[in-house]
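This report concerns only the one structure given below.
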Amino acid sequence: MKKFLIKTLCVLMLVTVAFSTFACKKDPNKNKATLYVYSFTSGFGSEWLTELIKDYEALHVNDKVGGKTGIHVQPTTLNSNVAGGEMAGRDEVVYFLEQQDYSSLIAGNYIADITDAITGDNPYDEGDGTLEDKMYDDQKDYLGRKDSNGKVHYYAYPHYLTNFGIVYDVDRFNEKGYYLMKGYNVANGVKNCFLGVDGMKNNWTKTDGPDQTPNTSDDGLPTTYEEFFMLCDYIANTGNDNPLIWSGQHRYSYLTHFINALATDYEGYEQMRLNFTFDGTAENLGTVKNGQFTFDATDTEIDQTNGNELARQAGKYYAIKFYDDLYDQTYIKNDANDLTLFNSGYDHLTAQEDFLKRGTKRNVMLLDGSWWEMEATGAFEDLAGTNDAYSKENKKLGWMPLPKQSAEKITQSGKKQTVYDIYYPLCMVKNGLDVNSWQYKYAIDFIQFANSQEQLAQFTQITSAVKSLKYDLTSDQKSSLTPYGKSYYEYIKNADIVFPYDNNVVFNNNQLKLQSLSTDGKVSPLYHSGDKRGLIEVIEKGVSAETHFNGMYTYFSSSDIW
Amino acid sequence: MTNTNGLKLNKKAQTMDKGAKIFYAILMAFPVVQFVLFYIVVNFQSIGYAFMDSVESSDNKITWFFSIKKITDWFTDPYKVKDLLDTAKMSLLYYGVTLCVSIPLGLLFAYYVFKKMPFAGLFRIFLFIPSIIPAAASVLMFKYVLNEVTPILFGTNALRFDTNPLGNVIFYNLYVGFGTSVLMYANKMFDISPEVIEAGKLDGALGIKEFWHIVLPLTFPTLSVFLVTGVATIFVNQYNVLMFNVSAEYDPLGRYLYDLAFASTKSERNVPPAAALGLILTIIAIPLTFGVKYLLDKYGPSED
């Protein structure tokens with residue numbers, strides 16, 4: 001019996017070895033030149049890169065490179081960045097990374113000059129366009145570095161846009177009539193300010209919404225903080241749904257991003273950019289006493305000696321106060337939310353799945369980033385497996401324009417929204433390659449291809465997000481977007497973008513203090529009060545918005561930055 | 001050539017002696033090279049960084065220069081001082097709990113195993129298992145059990161991780177570290193000669209007396225190692241708070257240092273503050289460690 005067992009085991013092992021040896025297919029890329037690409041891969045996933053590579057390889061299938069035919073692009077997709085000093089020892093030539101200290105990468109000679117890719121005509125676009133044409137002015141000013149002769153050199157190119165906000169369930173809003181009714185009167189009670197089920201059935205008129213234009217997709221959505229709180233109240237008490245959901249595990253970073261999104265939208269492009277340029281007139285500074293914000297009597301000229309004054313921006317206070325007020329609401333602080341919103345084990349994927357799920361009581365708004373739809377692909381697929389109405393293509397979801405602090409603010413800033421690029425991702429090529437080598441040439445070519453009009457559109461079609469670049473989709477391309485993708489695309493097209501960088505001495509010397517999030521994402525430099533617990537946690541611990549806001553000014557005033 | 005007893009060695013013995021020396025040299029080369037590379041070389045650069053600062057000019061050139069500002073910042077910047085005091089307080093708390101709870105309990109449990117009481121072997125295995133599971137996995141399981149299982153089992157949220165994060169982190173660290181210390185102490189106890197124990201019994205050393213007067217003094221060299229190395233860990237141990245993702249108010253010094261070091265991976269310019277703090281902590285840790293060792297050697301129970 002024992003011998004039989006041993007023989008059987010030997011035969012099984014032989015079969016396994018033989019099977020794995022002969023089952024191996026011949027590597028189809030063996031005779032191709034391989035270009036290695038590294039991509040920091042998180043929420044946006046890697047599908048966009050896979051499709052990009054497929055298209056690129058197909059285009060260069062007959063290229064003759066160093067005795068080989070065709071180009072094979074080998075990606076490395078990991079949820080971690082590569083430090084500049086590590087690049088030289090790695091195979092990857094092209095890098096897509098987030099939150100990089102660009103100045104230090106250049107100073108350390110870690111990244112190559114890729115001006116050719118950016119200022120040269122892009123062979124993959126029709127006409128005489130260059131990649132530089134697609135950049136925003138702030139990107140050109142920061143990424144383009146002048147040499148002693150005044151010639152501009154680029155060492156990186158922008159990648160995707162990472163902003164934060166509110167995703168809402170349009171299907172549920174339509175079903176339950178979570179829309180403000182035109183001419184509503186708060187005195188009649190919150191219950192009577194919304195369309196409700198009856199209003200939806202009878203086509204009652206919605207308010208004009210954040211864009212202040214009737215008959216657009218944002219009709220009936222809240223325009224002010226007050227209306228937003230009314231909406232949450234109505235959803236919780238009349239609709240019997242759960243108004244908001246977010247990842248309890250990532251709440252410290254996510255909610256800080258959310259507060260920053262509100263503050264950015266309040267301040268607008270010009271004022272928010274002062275936090276990085278330190279050059280211009282600050283118009284919204286003030287002080288808080290007894291919960292009341294009082295604007296300074298006069299504007300303040302900001303330069304590189306008094307950037308600390310920007311800690312007194314009204315938008316920052318109102319945004320912190322918004323969350324402080326939200327945190328006190330019953331529908332946020334109830335016991336059930338101990339298991340979700342404030343549970344350190346409740347991750348973002350579960351929050352997304354719970355947002356998408358059908359149930360008697362639904363989660364109708366999700367606080368998440370521009371990457372969320374791609375990240376929730378698994379949840380969409382699971383739910384669509386039982387009901388196709390839950391697929392990305394069919395489920396009606398939307399990106400909600402952020403409410404303004406007051407009705408007066410809507411008049412001031414108009415319909416424009418302002419968004420903040422949290423992680424400022426960049427595409428780079430590692431230094432040390434011979435500019436005449438095929439690797440360098442193909443790296444340049446790959447970057448040009450990746451940022452051609454066709455590929456930018458494909459990125460948006462796959463991820464329902466956008467690259468941090470100026471480009472438009474054709475009507476055909478737009479119609480192929482998911483309902484959520486269309487909503488987000490329209491929102492971004494009508495928004496200004498604040499990039500958290502500028503090429504000036506103060507910023508470059510203090511990048512860690514002015515731009516970088518802490519390793520756990522809890523502390524955002526714009527809201528630092530010297531308390532390493534970070535903004536969200538101190539509010540949870542009972543510190544008031546006023547105390548934290550005043551602490552920010554004290555902290556920045558004692559800093560050696562200025 | 002003569003051997004240690006002054007006797008002349010034959011040629012074969014001389015060759016063997018030479019071979020043994022080469023073998024010994026090769027064997028010792030590895031730790032020596034490791035020490036040179038990973039202590040002297042690495043720290044030489046780190047020490048240098050502690051005395052450096054840098055500025056970037058308008059034409060994006062970075063200039064490094066000698067400065068003690070990054071060191072003095074840790075004593076003058078009120079926010080840095082507060083961070084240091086807060087994290088040091090937490091480190092001392094974690095270390096104190098280990099010292100006062102884990103070590104005595106570990107010794108008693110090791111004694112239980114040593115005396116081969118019921119299920120001693122089983123306990124030994126069960127206690128050791130957590131220390132061989134990767135921390136990431138065991139932290140995840142621990143949190144999962146507290147968050148998802150205890151509410152079902154006991155019908156209350158009182159045991160959920162978030163209800164008492166500090167207590168849970170302390171408990172986890174005690175639990176995970178317990179197995180290793182029990183194993184080490186028990187192994188040392190098993191080395192105690194049965195004759196010594198028997199002699200003790202004849203002199204009336206039974207039960208707690210046996211533990212106190214015979215077993216503990218003979219286990220003391222191992223305990224001493226734990227106590228001495230434990231002092232150094234005050235400054236670097238993260239006590240798994242990173243994986244638990246708990247509030248920053250529970251961060252020990254080790255976690256704080258990790259953040260500083262992580263920031264330095266983004267840019268070389270962020271290295272000096274981390275290097276300066278590392279140097280300061282080293283200056284505190286070295287005399288403290290040697291001091292504890294001296295005190296234990298002088299006042300600790302002797303095997304004699």
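Ligands are numbered from 1 in the order shown, chains are lettered A, B, ... in the order of the structure tokens, and residues start at 1 in each chain.
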
Counting only C-alpha atoms, what is within 6 Å of range 108-116 of chain B, bar same-chain residues fewer than 3 positions away, as a compact mmCIF listing (two decimals) with N, CA and C atoms, in the first residue's frame?
# COMPACT_ATOMS: atom_id res chain seq x y z
N LEU B 105 4.05 38.45 33.71
CA LEU B 105 3.09 37.42 33.28
C LEU B 105 3.79 36.35 32.44
N ALA B 120 0.20 22.55 29.25
CA ALA B 120 1.34 23.47 29.11
C ALA B 120 1.86 23.50 27.67
N VAL B 182 7.48 33.97 26.48
CA VAL B 182 7.23 32.72 27.21
C VAL B 182 8.17 31.63 26.71
N TYR B 185 11.81 32.38 27.93
CA TYR B 185 11.98 32.15 29.37
C TYR B 185 11.88 30.64 29.68
N ALA B 186 10.90 30.00 29.07
CA ALA B 186 10.70 28.57 29.34
C ALA B 186 11.92 27.76 28.91

**Message:** If you run DSSP on the backbone here, which positions in range 134-359 of chain A get strand (DSSP E or B)? Please write them as a PyMOL selection string.
**Reply:** chain A and resi 144-146+152-154+156-158+160+164-169+180-181+194+206+224+242-245+280-282+285-289+292-295+300-302+313

Only C-alpha atoms, please: the residues just picked out, written as a PDB file, in the first residue's frame.
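Everything below was put into selection_20.pdb:
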ATOM      1  CA  GLY A 144       8.681  74.210 -17.592  1.00  0.00           C
ATOM      2  CA  ARG A 145      12.025  75.211 -16.085  1.00  0.00           C
ATOM      3  CA  LYS A 146      14.137  77.912 -17.714  1.00  0.00           C
ATOM      4  CA  VAL A 152      12.282  76.183 -21.233  1.00  0.00           C
ATOM      5  CA  HIS A 153      12.842  72.517 -20.373  1.00  0.00           C
ATOM      6  CA  TYR A 154      10.170  70.054 -19.324  1.00  0.00           C
ATOM      7  CA  ALA A 156       7.377  65.827 -16.560  1.00  0.00           C
ATOM      8  CA  TYR A 157       3.918  65.952 -18.064  1.00  0.00           C
ATOM      9  CA  PRO A 158       0.556  66.046 -16.239  1.00  0.00           C
ATOM     10  CA  TYR A 160      -4.961  62.414 -14.468  1.00  0.00           C
ATOM     11  CA  PHE A 164     -13.016  65.100  -4.439  1.00  0.00           C
ATOM     12  CA  GLY A 165     -16.757  65.621  -4.103  1.00  0.00           C
ATOM     13  CA  ILE A 166     -20.223  64.138  -3.910  1.00  0.00           C
ATOM     14  CA  VAL A 167     -21.607  61.355  -6.076  1.00  0.00           C
ATOM     15  CA  TYR A 168     -25.374  60.985  -5.939  1.00  0.00           C
ATOM     16  CA  ASP A 169     -27.868  58.327  -6.910  1.00  0.00           C
ATOM     17  CA  LEU A 180     -35.968  71.389  -4.128  1.00  0.00           C
ATOM     18  CA  MET A 181     -39.203  72.831  -5.359  1.00  0.00           C
ATOM     19  CA  PHE A 194     -38.977  69.174  -1.788  1.00  0.00           C
ATOM     20  CA  LYS A 206     -37.580  72.181  -9.598  1.00  0.00           C
ATOM     21  CA  THR A 224     -26.109  76.536  -0.674  1.00  0.00           C
ATOM     22  CA  ASN A 242     -29.394  57.445   4.553  1.00  0.00           C
ATOM     23  CA  PRO A 243     -28.221  60.792   3.115  1.00  0.00           C
ATOM     24  CA  LEU A 244     -24.444  60.351   3.129  1.00  0.00           C
ATOM     25  CA  ILE A 245     -21.924  57.570   3.159  1.00  0.00           C
ATOM     26  CA  GLY A 280      -1.563  88.664  -5.359  1.00  0.00           C
ATOM     27  CA  THR A 281      -4.389  90.217  -3.414  1.00  0.00           C
ATOM     28  CA  ALA A 282      -6.226  88.194  -0.784  1.00  0.00           C
ATOM     29  CA  LEU A 285      -9.391  87.143   4.846  1.00  0.00           C
ATOM     30  CA  GLY A 286     -10.972  87.599   8.211  1.00  0.00           C
ATOM     31  CA  THR A 287     -11.199  86.530  11.817  1.00  0.00           C
ATOM     32  CA  VAL A 288     -13.600  84.365  13.760  1.00  0.00           C
ATOM     33  CA  LYS A 289     -14.980  85.227  17.155  1.00  0.00           C
ATOM     34  CA  GLN A 292     -18.918  84.649  13.621  1.00  0.00           C
ATOM     35  CA  PHE A 293     -16.589  85.264  10.690  1.00  0.00           C
ATOM     36  CA  THR A 294     -15.745  88.929  10.166  1.00  0.00           C
ATOM     37  CA  PHE A 295     -14.067  89.960   6.947  1.00  0.00           C
ATOM     38  CA  THR A 300      -4.260  92.147   1.880  1.00  0.00           C
ATOM     39  CA  GLU A 301      -1.396  92.020  -0.571  1.00  0.00           C
ATOM     40  CA  ILE A 302       0.202  88.590  -0.295  1.00  0.00           C
ATOM     41  CA  GLN A 313      -9.251  82.600   4.243  1.00  0.00           C
TER      42      GLN A 313
END

What residues in chain A lie within 6 Å of chain B, counting only C-alpha atoms, written as a VMD selection string? chain A and resid 104 505 509 530 533

Practice task
Would you mind listing what lies within 10 Å of range 82-94 of chain A as number ranges by chain, with only C-alpha atoms counted and same-chain residues fewer than 2 positions away left out?
Solution key: A: 34-40, 73-76, 78, 80, 96-98, 100-102, 104-106, 108-112, 427-433, 439-440, 442-444, 446-447; B: 264-268

One decimal place gives the CA of Glu226 in chain A-CA of Leu326 in chain A separation as 10.9 Å

Name the residues in contact with Gln461 in chain A at a cut-off of 9 Å, using only C-alpha atoms, excluding same-chain residues fewer than 5 positions from it; report them as a PDB file with N, CA and C atoms, in the first residue's frame.
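The file below, part-v9.pdb, is the result:
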ATOM      1  N   LEU A 456      -6.521  60.329 -24.901  1.00  0.00           N
ATOM      2  CA  LEU A 456      -7.109  61.080 -23.785  1.00  0.00           C
ATOM      3  C   LEU A 456      -8.600  60.744 -23.682  1.00  0.00           C
ATOM      4  N   VAL A 466     -10.964  62.354 -15.869  1.00  0.00           N
ATOM      5  CA  VAL A 466     -10.279  63.109 -16.928  1.00  0.00           C
ATOM      6  C   VAL A 466      -8.799  63.227 -16.630  1.00  0.00           C
ATOM      7  N   GLN A 477     -17.964  60.343 -28.674  1.00  0.00           N
ATOM      8  CA  GLN A 477     -17.215  59.887 -27.487  1.00  0.00           C
ATOM      9  C   GLN A 477     -17.994  60.187 -26.213  1.00  0.00           C
ATOM     10  N   LYS A 478     -18.622  61.358 -26.192  1.00  0.00           N
ATOM     11  CA  LYS A 478     -19.408  61.733 -25.007  1.00  0.00           C
ATOM     12  C   LYS A 478     -20.573  60.771 -24.812  1.00  0.00           C
ATOM     13  N   SER A 480     -20.705  57.793 -25.476  1.00  0.00           N
ATOM     14  CA  SER A 480     -20.297  56.453 -25.029  1.00  0.00           C
ATOM     15  C   SER A 480     -19.956  56.428 -23.533  1.00  0.00           C
ATOM     16  N   LEU A 481     -19.964  57.589 -22.884  1.00  0.00           N
ATOM     17  CA  LEU A 481     -19.655  57.620 -21.445  1.00  0.00           C
ATOM     18  C   LEU A 481     -20.813  57.043 -20.640  1.00  0.00           C
ATOM     19  N   THR A 482     -20.515  56.592 -19.459  1.00  0.00           N
ATOM     20  CA  THR A 482     -21.584  56.116 -18.559  1.00  0.00           C
ATOM     21  C   THR A 482     -22.383  57.342 -18.100  1.00  0.00           C
ATOM     22  N   GLY A 485     -20.231  59.197 -15.885  1.00  0.00           N
ATOM     23  CA  GLY A 485     -19.106  59.769 -16.629  1.00  0.00           C
ATOM     24  C   GLY A 485     -19.504  61.067 -17.322  1.00  0.00           C
TER      25      GLY A 485
END

message = Need to verify the contact set: Glu175 in chain A, 12 Å, only C-alpha atoms, exclusion of same-chain residues closer than 6 positions in sequence. Can you return it as a list in words?
response =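 Close residues of Glu175 in chain A: Asp169, Leu195, Gly196, Val197, Asp198, Gly199, Met200, Lys201, Ile235, Gly239, Asp241, Arg362, Val364 and Lys396 of chain A.
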
| request: Skip Asp116 in chain A itself and residues of its chain fewer than 2 positions away, then list as a list in words all residues within 10 Å of it, counting only C-alpha atoms. | output: Asp113, Ile114, Ile118, Thr119, Gly120, Asp121, Asn122, Thr130, Leu131, His153, Tyr154, Lys441, Ile444, Asp445 and Gln448 of chain A

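The interatomic distance for the pair CA of Ile129 in chain B and CA of Met184 in chain B works out to 14.2 Å.
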
Check your understanding: Which of these, A:Ala407, A:Tyr471, A:Thr350, A:Trp438, has the shortest distance to Lys64 in chain A once you count only C-alpha atoms?
Key ->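 Between A:Ala407, A:Tyr471, A:Thr350, A:Trp438, the residue approaching Lys64 in chain A most closely is A:Trp438.
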
Which residues are near Leu227 in chain B? Cut-off 12 Å, only C-alpha atoms, ignore same chain within fewer than 3 positions. Put them as an mmCIF file with N, CA and C atoms, in the first residue's frame.
data_model
loop_
_atom_site.group_PDB
_atom_site.id
_atom_site.type_symbol
_atom_site.label_atom_id
_atom_site.label_comp_id
_atom_site.auth_asym_id
_atom_site.auth_seq_id
_atom_site.Cartn_x
_atom_site.Cartn_y
_atom_site.Cartn_z
ATOM 1 N N TYR B 95 5.820 50.897 26.675
ATOM 2 C CA TYR B 95 6.945 50.179 27.273
ATOM 3 C C TYR B 95 6.628 49.800 28.729
ATOM 4 N N GLY B 96 6.008 50.760 29.435
ATOM 5 C CA GLY B 96 5.664 50.517 30.833
ATOM 6 C C GLY B 96 4.741 49.323 30.991
ATOM 7 N N THR B 98 4.436 46.854 28.926
ATOM 8 C CA THR B 98 5.216 45.645 28.618
ATOM 9 C C THR B 98 6.029 45.232 29.842
ATOM 10 N N LEU B 99 6.663 46.240 30.442
ATOM 11 C CA LEU B 99 7.539 45.980 31.584
ATOM 12 C C LEU B 99 6.756 45.432 32.788
ATOM 13 N N CYS B 100 5.621 46.064 33.043
ATOM 14 C CA CYS B 100 4.881 45.719 34.264
ATOM 15 C C CYS B 100 3.925 44.538 34.090
ATOM 16 N N SER B 102 3.624 42.381 30.760
ATOM 17 C CA SER B 102 4.059 41.297 29.883
ATOM 18 C C SER B 102 5.191 40.465 30.488
ATOM 19 N N ILE B 103 6.175 41.137 31.048
ATOM 20 C CA ILE B 103 7.335 40.398 31.564
ATOM 21 C C ILE B 103 6.969 39.533 32.784
ATOM 22 N N PRO B 104 6.326 40.105 33.824
ATOM 23 C CA PRO B 104 5.955 39.238 34.967
ATOM 24 C C PRO B 104 5.033 38.097 34.559
ATOM 25 N N SER B 181 8.224 35.726 24.445
ATOM 26 C CA SER B 181 8.892 35.823 25.746
ATOM 27 C C SER B 181 8.684 34.540 26.555
ATOM 28 N N PHE B 220 17.477 34.850 34.996
ATOM 29 C CA PHE B 220 17.716 36.285 34.918
ATOM 30 C C PHE B 220 18.564 36.739 33.709
ATOM 31 N N PRO B 221 19.585 35.974 33.290
ATOM 32 C CA PRO B 221 20.350 36.434 32.112
ATOM 33 C C PRO B 221 19.452 36.657 30.892
ATOM 34 N N THR B 222 18.486 35.753 30.690
ATOM 35 C CA THR B 222 17.566 35.920 29.556
ATOM 36 C C THR B 222 16.652 37.127 29.790
ATOM 37 N N LEU B 223 16.152 37.228 31.011
ATOM 38 C CA LEU B 223 15.284 38.353 31.356
ATOM 39 C C LEU B 223 16.034 39.673 31.182
ATOM 40 N N SER B 224 17.285 39.655 31.572
ATOM 41 C CA SER B 224 18.119 40.846 31.471
ATOM 42 C C SER B 224 18.247 41.315 30.019
ATOM 43 N N GLY B 230 14.820 46.045 25.499
ATOM 44 C CA GLY B 230 13.526 46.737 25.572
ATOM 45 C C GLY B 230 13.681 48.235 25.712
ATOM 46 N N VAL B 231 14.734 48.661 26.404
ATOM 47 C CA VAL B 231 14.970 50.107 26.583
ATOM 48 C C VAL B 231 15.212 50.769 25.222
ATOM 49 N N ALA B 232 16.000 50.107 24.404
ATOM 50 C CA ALA B 232 16.297 50.684 23.090
ATOM 51 C C ALA B 232 15.039 50.750 22.216
ATOM 52 N N THR B 233 14.139 49.783 22.404
ATOM 53 C CA THR B 233 12.943 49.773 21.539
ATOM 54 C C THR B 233 11.972 50.912 21.871
ATOM 55 N N ILE B 234 12.135 51.521 23.035
ATOM 56 C CA ILE B 234 11.258 52.659 23.372
ATOM 57 C C ILE B 234 11.300 53.693 22.247
ATOM 58 N N LEU B 288 21.229 55.429 28.279
ATOM 59 C CA LEU B 288 20.107 54.820 28.990
ATOM 60 C C LEU B 288 20.209 53.287 28.958
ATOM 61 N N THR B 289 20.530 52.781 27.789
ATOM 62 C CA THR B 289 20.650 51.323 27.627
ATOM 63 C C THR B 289 21.796 50.779 28.474
ATOM 64 N N PHE B 290 22.952 51.470 28.383
ATOM 65 C CA PHE B 290 24.098 50.997 29.167
ATOM 66 C C PHE B 290 23.835 51.141 30.666
ATOM 67 N N GLY B 291 23.102 52.208 31.007
ATOM 68 C CA GLY B 291 22.763 52.432 32.416
ATOM 69 C C GLY B 291 21.915 51.297 32.959
ATOM 70 N N VAL B 292 20.904 50.902 32.182
ATOM 71 C CA VAL B 292 20.023 49.811 32.607
ATOM 72 C C VAL B 292 20.834 48.521 32.727
ATOM 73 N N LYS B 293 21.726 48.317 31.758
ATOM 74 C CA LYS B 293 22.544 47.099 31.798
ATOM 75 C C LYS B 293 23.434 47.094 33.056
ATOM 76 N N TYR B 294 24.013 48.250 33.344
ATOM 77 C CA TYR B 294 24.872 48.362 34.527
ATOM 78 C C TYR B 294 24.082 48.056 35.808
ATOM 79 N N LEU B 295 22.909 48.647 35.892
ATOM 80 C CA LEU B 295 22.077 48.454 37.090
ATOM 81 C C LEU B 295 21.653 46.993 37.244
ATOM 82 N N LEU B 296 21.285 46.386 36.107
ATOM 83 C CA LEU B 296 20.859 44.976 36.175
ATOM 84 C C LEU B 296 22.018 44.079 36.574
ATOM 85 N N ASP B 297 23.202 44.400 36.004
ATOM 86 C CA ASP B 297 24.382 43.593 36.349
ATOM 87 C C ASP B 297 24.722 43.731 37.826
ATOM 88 N N GLY B 300 20.896 42.998 39.940
ATOM 89 C CA GLY B 300 20.054 41.860 39.592
ATOM 90 C C GLY B 300 20.479 40.618 40.346
#
